[in-house]
$ cat run36.cif   # mmCIF, C-alpha atoms
data_coords
loop_
_atom_site.label_atom_id
_atom_site.label_comp_id
_atom_site.auth_asym_id
_atom_site.auth_seq_id
_atom_site.Cartn_x
_atom_site.Cartn_y
_atom_site.Cartn_z
CA MET A 1 -16.44 -0.69 -15.04
CA PHE A 2 -17.44 1.11 -11.88
CA PRO A 3 -19.75 -0.99 -9.70
CA THR A 4 -22.51 1.42 -8.77
CA GLU A 5 -24.76 3.97 -10.33
CA PRO A 6 -23.33 7.40 -9.55
CA ALA A 7 -25.24 9.99 -7.63
CA ALA A 8 -26.75 12.89 -9.47
CA VAL A 9 -24.04 15.21 -8.25
CA ASN A 10 -20.44 14.15 -7.84
CA ASN A 11 -17.95 16.91 -7.21
CA GLY A 12 -14.90 14.63 -7.21
CA PHE A 13 -11.92 16.00 -5.31
CA SER A 14 -13.69 19.28 -4.50
CA ALA A 15 -16.19 17.40 -2.31
CA LEU A 16 -13.35 15.69 -0.45
CA LEU A 17 -11.60 19.01 0.21
CA LYS A 18 -14.71 20.09 2.11
CA ASN A 19 -14.80 16.83 4.11
CA ARG A 20 -12.79 17.69 7.22
CA GLY A 21 -12.77 14.14 8.58
CA PHE A 22 -11.47 12.59 5.38
CA MET A 23 -8.81 15.27 4.88
CA LEU A 24 -7.49 14.66 8.39
CA LEU A 25 -7.43 10.93 7.67
CA TRP A 26 -5.58 11.58 4.40
CA ILE A 27 -2.97 13.76 6.17
CA GLY A 28 -2.55 11.02 8.77
CA GLN A 29 -2.08 8.44 6.01
CA LEU A 30 0.54 10.57 4.25
CA LEU A 31 2.55 11.17 7.43
CA SER A 32 2.33 7.55 8.57
CA GLN A 33 3.38 6.11 5.22
CA LEU A 34 6.25 8.55 4.89
CA GLY A 35 7.30 7.47 8.38
CA ASP A 36 7.21 3.79 7.33
CA LYS A 37 9.39 4.40 4.25
CA ILE A 38 11.93 6.61 6.02
CA PHE A 39 12.01 4.13 8.91
CA PHE A 40 13.05 1.45 6.41
CA VAL A 41 15.93 3.67 5.26
CA LEU A 42 16.86 4.41 8.88
CA MET A 43 17.10 0.74 9.84
CA VAL A 44 19.71 0.16 7.15
CA ALA A 45 21.63 3.30 8.15
CA LEU A 46 21.63 2.42 11.86
CA LEU A 47 23.39 -0.89 11.35
CA GLU A 48 26.74 0.89 11.08
CA ASN A 49 26.38 1.64 14.80
CA TYR A 50 25.79 -2.01 15.76
CA GLN A 51 28.46 -4.64 16.13
CA PRO A 52 27.64 -8.06 14.63
CA PRO A 53 26.86 -10.72 17.25
CA PRO A 54 29.46 -13.49 17.52
CA GLY A 55 29.41 -15.72 14.45
CA LEU A 56 27.21 -13.37 12.39
CA ALA A 57 28.58 -11.52 9.35
CA GLN A 58 27.68 -7.91 8.53
CA ASN A 59 25.76 -8.89 5.38
CA SER A 60 23.74 -11.40 7.39
CA MET A 61 22.72 -8.59 9.74
CA TYR A 62 21.15 -6.72 6.83
CA SER A 63 19.24 -9.79 5.70
CA ILE A 64 17.94 -10.59 9.19
CA LEU A 65 16.91 -6.96 9.75
CA MET A 66 14.99 -6.91 6.44
CA LEU A 67 13.29 -10.13 7.52
CA ALA A 68 12.26 -8.54 10.83
CA PHE A 69 10.81 -5.62 8.88
CA THR A 70 8.86 -7.65 6.29
CA LEU A 71 7.79 -10.70 8.31
CA PRO A 72 5.00 -8.92 10.28
CA ALA A 73 3.26 -8.07 7.00
CA ILE A 74 3.03 -11.78 6.19
CA LEU A 75 2.25 -12.97 9.72
CA PHE A 76 -0.17 -10.28 10.88
CA GLY A 77 -1.61 -8.79 7.69
CA SER A 78 -5.04 -10.24 8.46
CA ALA A 79 -4.87 -9.93 12.25
CA GLY A 80 -5.06 -6.14 12.15
CA GLY A 81 -8.38 -6.28 10.33
CA ILE A 82 -9.89 -8.54 12.98
CA PHE A 83 -9.29 -5.87 15.63
CA VAL A 84 -10.76 -3.18 13.36
CA ASP A 85 -14.15 -4.91 13.61
CA ARG A 86 -13.92 -5.03 17.42
CA PHE A 87 -12.40 -1.70 18.46
CA SER A 88 -12.83 1.96 17.59
CA LYS A 89 -11.05 2.88 14.36
CA LYS A 90 -9.74 6.05 15.99
CA PHE A 91 -8.36 3.99 18.87
CA ILE A 92 -6.42 1.78 16.45
CA LEU A 93 -5.23 4.58 14.15
CA VAL A 94 -4.05 6.85 16.96
CA GLY A 95 -2.82 4.05 19.22
CA ALA A 96 -0.70 2.42 16.52
CA ASN A 97 1.03 5.70 15.69
CA VAL A 98 1.63 6.67 19.32
CA LEU A 99 3.18 3.28 20.07
CA GLN A 100 5.37 3.54 16.97
CA THR A 101 6.57 6.94 18.22
CA LEU A 102 7.51 5.52 21.62
CA LEU A 103 9.31 2.53 20.08
CA MET A 104 11.29 4.85 17.79
CA LEU A 105 12.50 6.78 20.84
CA LEU A 106 13.46 3.52 22.53
CA ILE A 107 15.75 2.73 19.59
CA ALA A 108 17.62 5.96 20.31
CA PHE A 109 18.06 5.46 24.03
CA LEU A 110 18.32 1.70 24.57
CA PRO A 111 21.71 -0.07 24.34
CA ARG A 112 23.08 -0.58 20.81
CA GLU A 113 22.42 -4.30 20.78
CA PHE A 114 21.45 -5.94 17.49
CA PHE A 115 18.88 -8.21 19.15
CA ILE A 116 17.12 -5.18 20.69
CA LEU A 117 17.03 -3.46 17.29
CA LEU A 118 15.46 -6.59 15.76
CA ILE A 119 12.69 -6.70 18.39
CA LEU A 120 11.86 -3.01 18.03
CA THR A 121 11.89 -3.19 14.22
CA PHE A 122 9.55 -6.19 14.31
CA ALA A 123 7.22 -4.37 16.74
CA ILE A 124 7.07 -1.13 14.72
CA SER A 125 6.39 -3.02 11.49
CA THR A 126 3.69 -5.08 13.26
CA LEU A 127 1.85 -1.93 14.36
CA ALA A 128 1.73 -0.78 10.73
CA GLN A 129 -0.38 -3.87 9.98
CA PHE A 130 -3.10 -2.50 12.27
CA PHE A 131 -3.05 1.02 10.83
CA ALA A 132 -3.61 0.00 7.18
CA PRO A 133 -6.92 -1.93 7.49
CA ALA A 134 -8.30 0.58 10.00
CA GLU A 135 -7.62 3.36 7.53
CA GLN A 136 -9.32 1.47 4.69
CA ALA A 137 -12.34 0.73 6.88
CA ALA A 138 -12.54 4.40 7.89
CA ILE A 139 -13.08 5.66 4.34
CA PRO A 140 -16.66 4.25 3.98
CA VAL A 141 -17.51 5.77 7.36
CA LEU A 142 -16.29 9.27 6.48
CA VAL A 143 -17.07 9.53 2.76
CA LYS A 144 -20.38 9.40 0.90
CA LYS A 145 -20.79 6.58 -1.60
CA GLU A 146 -20.77 8.88 -4.61
CA ASN A 147 -17.31 10.12 -3.58
CA PHE A 148 -15.72 6.69 -2.98
CA MET A 149 -13.99 6.81 -6.37
CA ALA A 150 -12.36 10.17 -5.65
CA ALA A 151 -11.39 9.08 -2.12
CA ASN A 152 -9.72 5.91 -3.36
CA ALA A 153 -8.02 7.82 -6.17
CA LEU A 154 -6.47 10.14 -3.58
CA TYR A 155 -5.64 7.20 -1.32
CA SER A 156 -3.90 5.27 -4.12
CA SER A 157 -2.00 8.35 -5.28
CA THR A 158 -0.77 9.04 -1.77
CA MET A 159 0.33 5.43 -1.26
CA MET A 160 2.37 5.45 -4.46
CA GLY A 161 3.66 8.96 -3.81
CA ALA A 162 4.83 8.01 -0.32
CA LEU A 163 6.61 4.95 -1.75
CA ILE A 164 8.54 7.06 -4.25
CA ILE A 165 9.09 10.23 -2.21
CA GLY A 166 9.80 8.41 1.06
CA PHE A 167 12.69 6.42 -0.34
CA ALA A 168 13.96 9.42 -2.32
CA ILE A 169 14.04 11.91 0.57
CA GLY A 170 14.75 9.40 3.33
CA GLU A 171 18.54 9.61 3.26
CA PRO A 172 18.74 13.45 2.90
CA ILE A 173 16.23 13.99 5.72
CA LEU A 174 18.03 11.58 8.02
CA SER A 175 21.38 13.22 7.24
CA LEU A 176 19.96 16.66 8.10
CA ALA A 177 18.43 15.30 11.31
CA LYS A 178 21.76 13.78 12.25
CA SER A 179 23.51 17.13 11.69
CA TRP A 180 20.95 19.41 13.32
CA LEU A 181 19.61 17.30 16.20
CA GLY A 182 22.62 15.13 16.93
CA ALA A 183 23.90 11.75 15.84
CA GLY A 184 22.69 10.06 19.01
CA TYR A 185 18.94 10.50 18.58
CA GLY A 186 18.20 13.02 15.79
CA GLN A 187 17.20 10.49 13.13
CA GLU A 188 14.95 8.53 15.47
CA VAL A 189 13.23 11.73 16.65
CA VAL A 190 12.39 12.76 13.06
CA VAL A 191 10.84 9.40 12.16
CA GLY A 192 9.03 9.20 15.49
CA GLY A 193 7.81 12.76 14.93
CA LEU A 194 6.16 11.72 11.65
CA TYR A 195 4.25 8.96 13.46
CA LEU A 196 3.25 11.37 16.25
CA LEU A 197 2.02 14.00 13.77
CA SER A 198 -0.05 11.28 12.07
CA ALA A 199 -1.69 10.44 15.42
CA LEU A 200 -2.41 14.13 16.08
CA ALA A 201 -3.98 14.50 12.63
CA VAL A 202 -6.37 11.57 13.17
CA GLN A 203 -7.30 12.42 16.77
CA PRO A 204 -9.89 15.18 15.98
CA ILE A 205 -11.83 12.98 13.51
CA ASN A 206 -15.43 12.27 14.51
CA PHE A 207 -16.44 8.77 13.37
CA GLY A 208 -20.01 9.25 14.57
CA SER A 209 -22.01 6.06 15.21
CA GLU A 210 -18.93 3.95 14.56
CA ASN A 211 -17.80 4.59 18.10
CA LYS A 212 -21.01 3.14 19.52
CA LEU A 213 -20.57 -0.01 17.50
CA SER A 214 -17.01 -0.38 18.67
CA GLY A 215 -18.10 -0.16 22.28
CA ASP A 216 -20.07 -3.36 21.89
CA GLY A 217 -17.07 -4.91 20.23
CA LEU A 218 -14.91 -4.22 23.25
CA ARG A 219 -17.03 -6.58 25.31
CA THR A 220 -17.04 -9.30 22.66
CA GLU A 221 -14.58 -12.11 23.04
CA ILE A 222 -11.88 -11.90 20.38
CA ASN A 223 -11.22 -15.13 18.51
CA PRO A 224 -8.72 -14.32 15.72
CA TRP A 225 -8.87 -17.76 14.09
CA ALA A 226 -12.68 -17.81 14.01
CA ASP A 227 -12.79 -14.25 12.64
CA PHE A 228 -10.20 -15.11 9.99
CA LYS A 229 -12.26 -18.12 8.86
CA ALA A 230 -15.41 -15.98 8.81
CA GLY A 231 -13.72 -13.44 6.57
CA LEU A 232 -12.38 -16.17 4.29
CA ARG A 233 -15.82 -17.77 4.01
CA TYR A 234 -17.33 -14.41 3.10
CA LEU A 235 -14.75 -13.85 0.37
CA THR A 236 -15.13 -17.32 -1.14
CA LYS A 237 -18.90 -16.80 -1.37
CA ASN A 238 -18.60 -13.28 -2.82
CA ARG A 239 -17.04 -13.80 -6.23
CA LEU A 240 -17.13 -10.10 -7.06
CA ILE A 241 -14.94 -9.02 -4.13
CA LEU A 242 -12.62 -12.02 -4.45
CA ASN A 243 -12.05 -11.23 -8.12
CA ALA A 244 -11.36 -7.59 -7.30
CA MET A 245 -8.73 -8.69 -4.78
CA LEU A 246 -7.14 -10.95 -7.39
CA GLN A 247 -6.83 -8.00 -9.74
CA LEU A 248 -5.30 -5.82 -7.00
CA THR A 249 -2.88 -8.63 -6.12
CA THR A 250 -1.77 -8.91 -9.75
CA LEU A 251 -1.28 -5.15 -9.88
CA TYR A 252 0.96 -5.10 -6.81
CA CYS A 253 2.92 -8.12 -8.06
CA VAL A 254 3.72 -6.22 -11.26
CA PHE A 255 4.92 -3.16 -9.35
CA ALA A 256 7.03 -5.28 -6.99
CA ALA A 257 8.65 -7.05 -9.94
CA LEU A 258 9.32 -3.71 -11.62
CA MET A 259 11.25 -2.57 -8.54
CA VAL A 260 13.78 -5.29 -9.42
CA LEU A 261 13.57 -5.10 -13.21
CA THR A 262 14.07 -1.33 -13.39
CA ILE A 263 17.55 -1.78 -11.92
CA ARG A 264 18.48 -3.78 -15.03
CA LEU A 265 16.52 -1.39 -17.27
CA ALA A 266 18.50 1.54 -15.91
CA ALA A 267 21.76 -0.09 -17.01
CA ASP A 268 20.33 -0.80 -20.49
CA PHE A 269 19.52 2.89 -20.93
CA GLY A 270 22.94 4.08 -19.80
CA LEU A 271 21.92 5.09 -16.31
CA LYS A 272 23.55 4.13 -13.06
CA GLU A 273 21.83 1.26 -11.28
CA LYS A 274 20.94 3.49 -8.35
CA GLN A 275 19.00 5.74 -10.78
CA PHE A 276 16.39 3.03 -11.34
CA GLY A 277 14.03 5.23 -9.31
CA PHE A 278 13.46 7.40 -12.40
CA PHE A 279 11.28 4.67 -13.91
CA LEU A 280 9.35 4.10 -10.69
CA ALA A 281 8.89 7.84 -10.27
CA ALA A 282 7.52 8.13 -13.82
CA ALA A 283 5.09 5.26 -13.12
CA GLY A 284 4.07 7.01 -9.92
CA VAL A 285 3.40 10.25 -11.80
CA GLY A 286 1.27 8.33 -14.28
CA MET A 287 -0.67 6.67 -11.49
CA VAL A 288 -1.29 10.02 -9.81
CA PHE A 289 -2.48 11.44 -13.15
CA GLY A 290 -4.76 8.45 -13.78
CA ALA A 291 -6.14 8.62 -10.25
CA ALA A 292 -6.81 12.34 -10.68
CA ILE A 293 -8.80 11.64 -13.87
CA LEU A 294 -10.87 9.00 -12.10
CA GLY A 295 -11.34 11.13 -9.02
CA HIS A 296 -12.67 14.07 -11.00
CA TRP A 297 -14.50 12.39 -13.89
CA GLY A 298 -15.17 8.93 -12.46
CA ASP A 299 -18.94 9.44 -12.62
CA LYS A 300 -18.68 9.84 -16.42
CA LEU A 301 -16.49 6.73 -16.84
CA HIS A 302 -18.36 4.22 -14.68
CA HIS A 303 -19.80 2.30 -17.66
CA LYS A 304 -16.35 1.74 -19.21
CA PRO A 305 -14.39 -1.51 -18.65
CA LEU A 306 -11.71 0.36 -16.71
CA PRO A 307 -9.85 -2.64 -15.17
CA LEU A 308 -9.66 -4.44 -18.52
CA MET A 309 -8.32 -1.29 -20.15
CA GLY A 310 -5.79 -0.95 -17.33
CA PHE A 311 -4.49 -4.51 -17.68
CA LEU A 312 -4.18 -4.19 -21.46
CA ILE A 313 -2.29 -0.88 -21.09
CA MET A 314 0.14 -2.44 -18.59
CA SER A 315 0.60 -5.49 -20.81
CA LEU A 316 1.32 -3.29 -23.84
CA VAL A 317 3.88 -1.21 -21.95
CA LEU A 318 5.71 -4.28 -20.59
CA GLY A 319 5.95 -5.68 -24.10
CA LEU A 320 7.13 -2.39 -25.63
CA PHE A 321 9.88 -2.04 -23.03
CA THR A 322 11.75 -4.86 -24.81
CA PHE A 323 11.89 -2.85 -28.06
CA THR A 324 12.60 0.59 -26.60
CA HIS A 325 16.06 2.14 -26.69
CA ASN A 326 15.23 5.80 -26.04
CA LEU A 327 15.31 6.88 -22.39
CA PHE A 328 12.60 9.55 -22.67
CA LEU A 329 10.31 7.15 -24.53
CA ALA A 330 10.89 4.56 -21.78
CA LEU A 331 10.00 7.11 -19.10
CA GLY A 332 6.87 8.00 -21.05
CA LEU A 333 5.93 4.32 -21.22
CA SER A 334 6.46 4.05 -17.47
CA ALA A 335 4.02 6.95 -16.93
CA PHE A 336 1.52 5.26 -19.28
CA LEU A 337 1.89 2.06 -17.23
CA GLY A 338 1.04 4.08 -14.11
CA ILE A 339 -2.16 5.34 -15.75
CA GLY A 340 -3.11 1.72 -16.50
CA ALA A 341 -2.42 0.80 -12.87
CA ALA A 342 -4.78 3.54 -11.68
CA LEU A 343 -7.55 2.20 -13.94
CA ILE A 344 -7.27 -1.12 -12.06
CA GLY A 345 -6.50 -0.09 -8.51
CA VAL A 346 -8.96 2.74 -7.94
CA PRO A 347 -12.17 1.09 -9.28
CA MET A 348 -11.39 -2.29 -7.69
CA GLN A 349 -10.68 -0.75 -4.28
CA THR A 350 -13.88 1.27 -4.57
CA LEU A 351 -15.81 -1.87 -5.48
CA ILE A 352 -14.52 -3.70 -2.39
CA GLN A 353 -15.52 -0.82 -0.13
CA GLN A 354 -18.99 -0.45 -1.61
CA ARG A 355 -19.89 -4.15 -1.65
CA THR A 356 -18.53 -5.05 1.81
CA PRO A 357 -20.98 -4.67 4.75
CA PRO A 358 -19.69 -2.60 7.71
CA THR A 359 -19.55 -5.66 9.98
CA MET A 360 -17.02 -7.27 7.61
CA HIS A 361 -14.86 -4.22 6.88
CA GLY A 362 -12.01 -5.16 9.19
CA LYS A 363 -11.87 -8.82 8.17
CA VAL A 364 -11.99 -8.07 4.45
CA PHE A 365 -9.51 -5.17 4.53
CA GLY A 366 -7.23 -7.12 6.85
CA PHE A 367 -7.21 -10.05 4.44
CA GLN A 368 -6.59 -7.64 1.57
CA ASN A 369 -3.69 -6.08 3.47
CA HIS A 370 -2.31 -9.59 3.98
CA ILE A 371 -2.37 -10.68 0.34
CA VAL A 372 -1.09 -7.30 -0.88
CA ASN A 373 1.91 -7.60 1.43
CA ILE A 374 2.63 -11.07 0.09
CA ALA A 375 2.16 -9.76 -3.46
CA LEU A 376 4.76 -7.09 -2.77
CA SER A 377 7.21 -9.52 -1.15
CA ALA A 378 7.16 -12.66 -3.33
CA PRO A 379 8.14 -11.03 -6.67
CA LEU A 380 11.10 -9.34 -4.98
CA ALA A 381 12.47 -12.79 -4.17
CA ILE A 382 11.91 -14.52 -7.52
CA THR A 383 12.22 -11.79 -10.18
CA GLY A 384 15.99 -11.39 -9.82
CA PRO A 385 16.85 -15.09 -10.23
CA LEU A 386 14.37 -15.44 -13.11
CA THR A 387 15.99 -12.49 -14.88
CA ASP A 388 19.45 -14.02 -14.42
CA ILE A 389 18.28 -17.32 -15.88
CA LEU A 390 15.94 -16.19 -18.68
CA GLY A 391 17.11 -12.65 -19.43
CA LEU A 392 15.39 -9.29 -19.01
CA ARG A 393 13.49 -9.31 -22.31
CA THR A 394 12.07 -12.79 -21.78
CA VAL A 395 10.84 -11.89 -18.31
CA LEU A 396 9.21 -8.67 -19.55
CA VAL A 397 7.43 -10.47 -22.40
CA GLY A 398 6.32 -13.21 -20.00
CA MET A 399 4.93 -10.62 -17.58
CA SER A 400 3.14 -8.92 -20.48
CA ILE A 401 1.38 -12.17 -21.41
CA VAL A 402 0.45 -12.98 -17.81
CA VAL A 403 -0.93 -9.48 -17.14
CA ALA A 404 -3.06 -9.52 -20.30
CA SER A 405 -4.33 -13.02 -19.52
CA VAL A 406 -5.32 -12.11 -15.96
CA GLY A 407 -7.08 -8.97 -17.14
CA ILE A 408 -9.10 -10.76 -19.83
CA TRP A 409 -9.94 -13.69 -17.53
CA ALA A 410 -11.03 -11.36 -14.71
CA TRP A 411 -13.21 -9.34 -17.06
CA LYS A 412 -14.92 -12.39 -18.54
CA ASN A 413 -15.40 -13.87 -15.08
CA THR A 414 -17.13 -10.85 -13.57
CA ARG A 415 -18.57 -8.91 -16.50
CA GLY A 416 -22.06 -10.29 -15.94
CA VAL A 417 -21.93 -9.60 -12.21
CA LEU A 418 -20.70 -6.06 -12.72
CA GLN A 419 -23.45 -5.39 -15.22
CA ASP A 420 -26.00 -6.56 -12.65
CA VAL A 421 -24.88 -4.05 -10.03
CA ILE A 422 -24.64 -0.90 -12.17
#
$ encode --input "run36.cif" --output "structure tokens"
Amino acid sequence: MFPTEPAAVNNGFSALLKNRGFMLLWIGQLLSQLGDKIFFVLMVALLENYQPPPGLAQNSMYSILMLAFTLPAILFGSAGGIFVDRFSKKFILVGANVLQTLLMLLIAFLPREFFILLILTFAISTLAQFFAPAEQAAIPVLVKKENFMAANALYSSTMMGALIIGFAIGEPILSLAKSWLGAGYGQEVVVGGLYLLSALAVQPINFGSENKLSGDGLRTEINPWADFKAGLRYLTKNRLILNAMLQLTTLYCVFAALMVLTIRLAADFGLKEKQFGFFLAAAGVGMVFGAAILGHWGDKLHHKPLPLMGFLIMSLVLGLFTFTHNLFLALGLSAFLGIGAALIGVPMQTLIQQRTPPTMHGKVFGFQNHIVNIALSAPLAITGPLTDILGLRTVLVGMSIVVASVGIWAWKNTRGVLQDVI
């Protein structure tokens, strides 16, 4: 169910194509997220040029580097949102990308010391935690309410597309950069270039009155802990937004778990383990298709229980995976799962944007960024061991039951509230 009464005219994606500010923001998002994914691939590739410190094995270097990359998302996921409420969104979006560009160049020209690489990786990943909530908070400023659904559909599609495409093209692009620009700095220049292009795309955006508000924020004392508690209090009092975040968290947990489970699924269908990306790509295509439907016809679907339908679709697909032995049918199910994911993610993100007052945008989106990052990290750690202990089929059936239960509970818990606001 979509949380607001649609406007009389809603042109879907066509209205967004005419919105210069939003299109520049979208291009910046695409470039920045591609940069993040290819940067992840680059960090792993660069380790061959670094000698292990005394007493540290090569495999331990990989683990520590991954920790440096993922830890900022857990530590600073909410902090970025606090600054969004105090500073200009353009300042944060452009500044984060420019600093990431400079840090990427430092990797190329500073000594090949593992400790230096760890610090720079941690810093670049930390800056990404400021870009994400600023981008989310910018959408309500640039887009009319009746086009929120289409904007979030495009945003969600781009996020999933960058996840799939970035990891798929990361290694080929880095190899070409190494050949054409040189092994010493070519790869770093390409990734840094993506961040710089993102900053240049966002720079011309006019945020209007938002800049005046941010000027007052610059003179306000920043108290991260107080702001974090204020955001948490707001969420605990607003059951609608908190429930929407729970549904988004469940959605990202499922996708994170699938990143592990599809490796085992690939082997069951006679594929090589490294071809697990076929399933994720199919789910991404489904999510793009579902988001496109919502973006174009969302005004005609707003009375439907879209999140409940999405959870039940995902639950059905997870259960059917255990009985499927045909590869093409499995890929089709993956695409169907992606459609279900879009029915959850797009309306719930739209709901959060519409029901959050501008003064709370940064705090709420920062907190959302925080829990989403945890939702993406935790299943990666526990899904593998659970699969080893219980088996793939048991885990899939268990996930199916949990997803259906969360969907039904969330719908019953907020159905009355949603009906009040449409």
$ residues_around --input "run36.cif" --residues "segment 44-49 of chain A" --least-positions-apart "6" --cutoff "8 Å" --atoms "only C-alpha atoms" --output "list in words"
Met61, Tyr62 and Arg112 of chain A
$ residues_around --input "run36.cif" --residues "Ile64 of chain A" --least-positions-apart "5" --cutoff "12 Å" --atoms "all atoms listed in the file" --output "ChimeraX atom specification"
/A:43-44,47,52,56-59,69-71,114-115,117-119,121-122
$ closest_residue --input "run36.cif" --among "A:Leu42, A:Met245, A:Leu106, A:Met287" --to "Asn369 of chain A" --atoms "all atoms listed in the file"
A:Met245
$ closest_atom_pairs --input "run36.cif" --of "segment 143-196 of chain A" --to "segment 288-294 of chain A" --cutoff "12 Å" --atoms "only C-alpha atoms" --output "CSV"
residue,atom,partner,partner_atom,distance
A:Asn147,CA,A:Leu294,CA,10.7
A:Phe148,CA,A:Leu294,CA,10.6
A:Met149,CA,A:Leu294,CA,6.9
A:Ala150,CA,A:Leu294,CA,6.7
A:Ala151,CA,A:Ala291,CA,9.7
A:Asn152,CA,A:Ala291,CA,8.2
A:Ala153,CA,A:Ala291,CA,4.6
A:Leu154,CA,A:Ala291,CA,6.8
A:Tyr155,CA,A:Ala291,CA,9.1
A:Ser156,CA,A:Ala291,CA,7.3
A:Ser157,CA,A:Val288,CA,4.9
A:Thr158,CA,A:Val288,CA,8.1
A:Met159,CA,A:Val288,CA,9.8
A:Met160,CA,A:Val288,CA,7.9
A:Gly161,CA,A:Val288,CA,7.9
A:Ala162,CA,A:Val288,CA,11.5
A:Ile164,CA,A:Val288,CA,11.7
$ atom_distance --input "run36.cif" --atom1 "atom CA of Ile313 of chain A" --atom2 "atom CA of Ala341 of chain A"
8.4 Å
$ closest_residue --input "run36.cif" --among "A:Leu67, A:Leu343, A:Leu320, A:Ile27" --to "Lys304 of chain A" --atoms "only C-alpha atoms"
A:Leu343
$ resolve_selection --input "run36.cif" --expression "the PyMOL selection byres ((chain A and resi 317) around 8)" --output "compact mmCIF listing (two decimals) with C-alpha atoms, in the coordinates of the input"
# COMPACT_ATOMS: atom_id res chain seq x y z
CA ILE A 313 -2.29 -0.88 -21.09
CA MET A 314 0.14 -2.44 -18.59
CA SER A 315 0.60 -5.49 -20.81
CA LEU A 316 1.32 -3.29 -23.84
CA LEU A 318 5.71 -4.28 -20.59
CA GLY A 319 5.95 -5.68 -24.10
CA LEU A 320 7.13 -2.39 -25.63
CA PHE A 321 9.88 -2.04 -23.03
CA LEU A 333 5.93 4.32 -21.22
CA SER A 334 6.46 4.05 -17.47
CA PHE A 336 1.52 5.26 -19.28
CA LEU A 337 1.89 2.06 -17.23
CA SER A 400 3.14 -8.92 -20.48
$ residues_near_point --input "run36.cif" --point "(-2.7, 6.0, 13.3)" --cutoff "10 Å" --atoms "all atoms listed in the file" --output "JSON, numbers by chain"
{"A": [25, 28, 29, 31, 32, 89, 90, 91, 92, 93, 94, 95, 96, 97, 98, 99, 100, 127, 128, 130, 131, 132, 134, 135, 195, 196, 197, 198, 199, 200, 201, 202, 203]}
$ atom_distance --input "run36.cif" --atom1 "atom CA of Met104 of chain A" --atom2 "atom CA of Ile169 of chain A"
18.8 Å
$ resolve_selection --input "run36.cif" --expression "the PyMOL selection byres ((chain A and resi 381-387) around 10)" --output "VMD selection string"
chain A and resid 256 to 261 263 to 264 376 to 380 388 to 396
$ closest_atom_pairs --input "run36.cif" --of "segment 65-165 of chain A" --to "segment 229-236 of chain A" --cutoff "10 Å" --atoms "all atoms listed in the file" --output "tab-separated table"
residue	atom	partner	partner_atom	distance
A:Ser78	CA	A:Gly231	CA	9.4
A:Gly81	CA	A:Gly231	CA	9.7
A:Ile82	CA	A:Gly231	CA	8.9
$ atom_distance --input "run36.cif" --atom1 "atom CA of Pro358 of chain A" --atom2 "atom CA of Phe228 of chain A"
15.9 Å
$ residues_around --input "run36.cif" --residues "Phe22 of chain A" --least-positions-apart "2" --cutoff "8 Å" --atoms "only C-alpha atoms" --output "PDB file with C-alpha atoms, in the coordinates of the input"
ATOM      1  CA  LEU A  16     -13.350  15.690  -0.450  1.00  0.00           C
ATOM      2  CA  ASN A  19     -14.800  16.830   4.110  1.00  0.00           C
ATOM      3  CA  ARG A  20     -12.790  17.690   7.220  1.00  0.00           C
ATOM      4  CA  LEU A  24      -7.490  14.660   8.390  1.00  0.00           C
ATOM      5  CA  LEU A  25      -7.430  10.930   7.670  1.00  0.00           C
ATOM      6  CA  TRP A  26      -5.580  11.580   4.400  1.00  0.00           C
ATOM      7  CA  ILE A 139     -13.080   5.660   4.340  1.00  0.00           C
ATOM      8  CA  LEU A 142     -16.290   9.270   6.480  1.00  0.00           C
ATOM      9  CA  VAL A 143     -17.070   9.530   2.760  1.00  0.00           C
TER      10      VAL A 143
END
$ resolve_selection --input "run36.cif" --expression "the PyMOL selection byres ((chain A and resi 361) around 10)" --output "list in words"
Gly81, Ile82, Val84, Asp85, Pro133, Ala134, Gln136, Ala137, Ala138, Pro140, Gly231, Ile352, Gln353, Arg355, Thr356, Pro357, Pro358, Thr359, Met360, Gly362, Lys363, Val364, Phe365, Gly366 and Phe367 of chain A
$ closest_residue --input "run36.cif" --among "A:Ala183, A:Ile339, A:Cys253, A:Ala410" --to "Ile241 of chain A" --atoms "all atoms listed in the file"
A:Ala410
$ closest_residue --input "run36.cif" --among "A:Ala342, A:Ala244, A:Leu103, A:Ala15" --to "Val285 of chain A" --atoms "only C-alpha atoms"
A:Ala342
$ residues_around --input "run36.cif" --residues "Asn326 of chain A" --least-positions-apart "3" --cutoff "12 Å" --atoms "only C-alpha atoms" --output "VMD selection string"
chain A and resid 265 to 266 268 to 271 320 to 323 329 to 333
$ closest_residue --input "run36.cif" --among "A:Gly295, A:Pro172, A:Gly55, A:Gly340" --to "Leu251 of chain A" --atoms "only C-alpha atoms"
A:Gly340
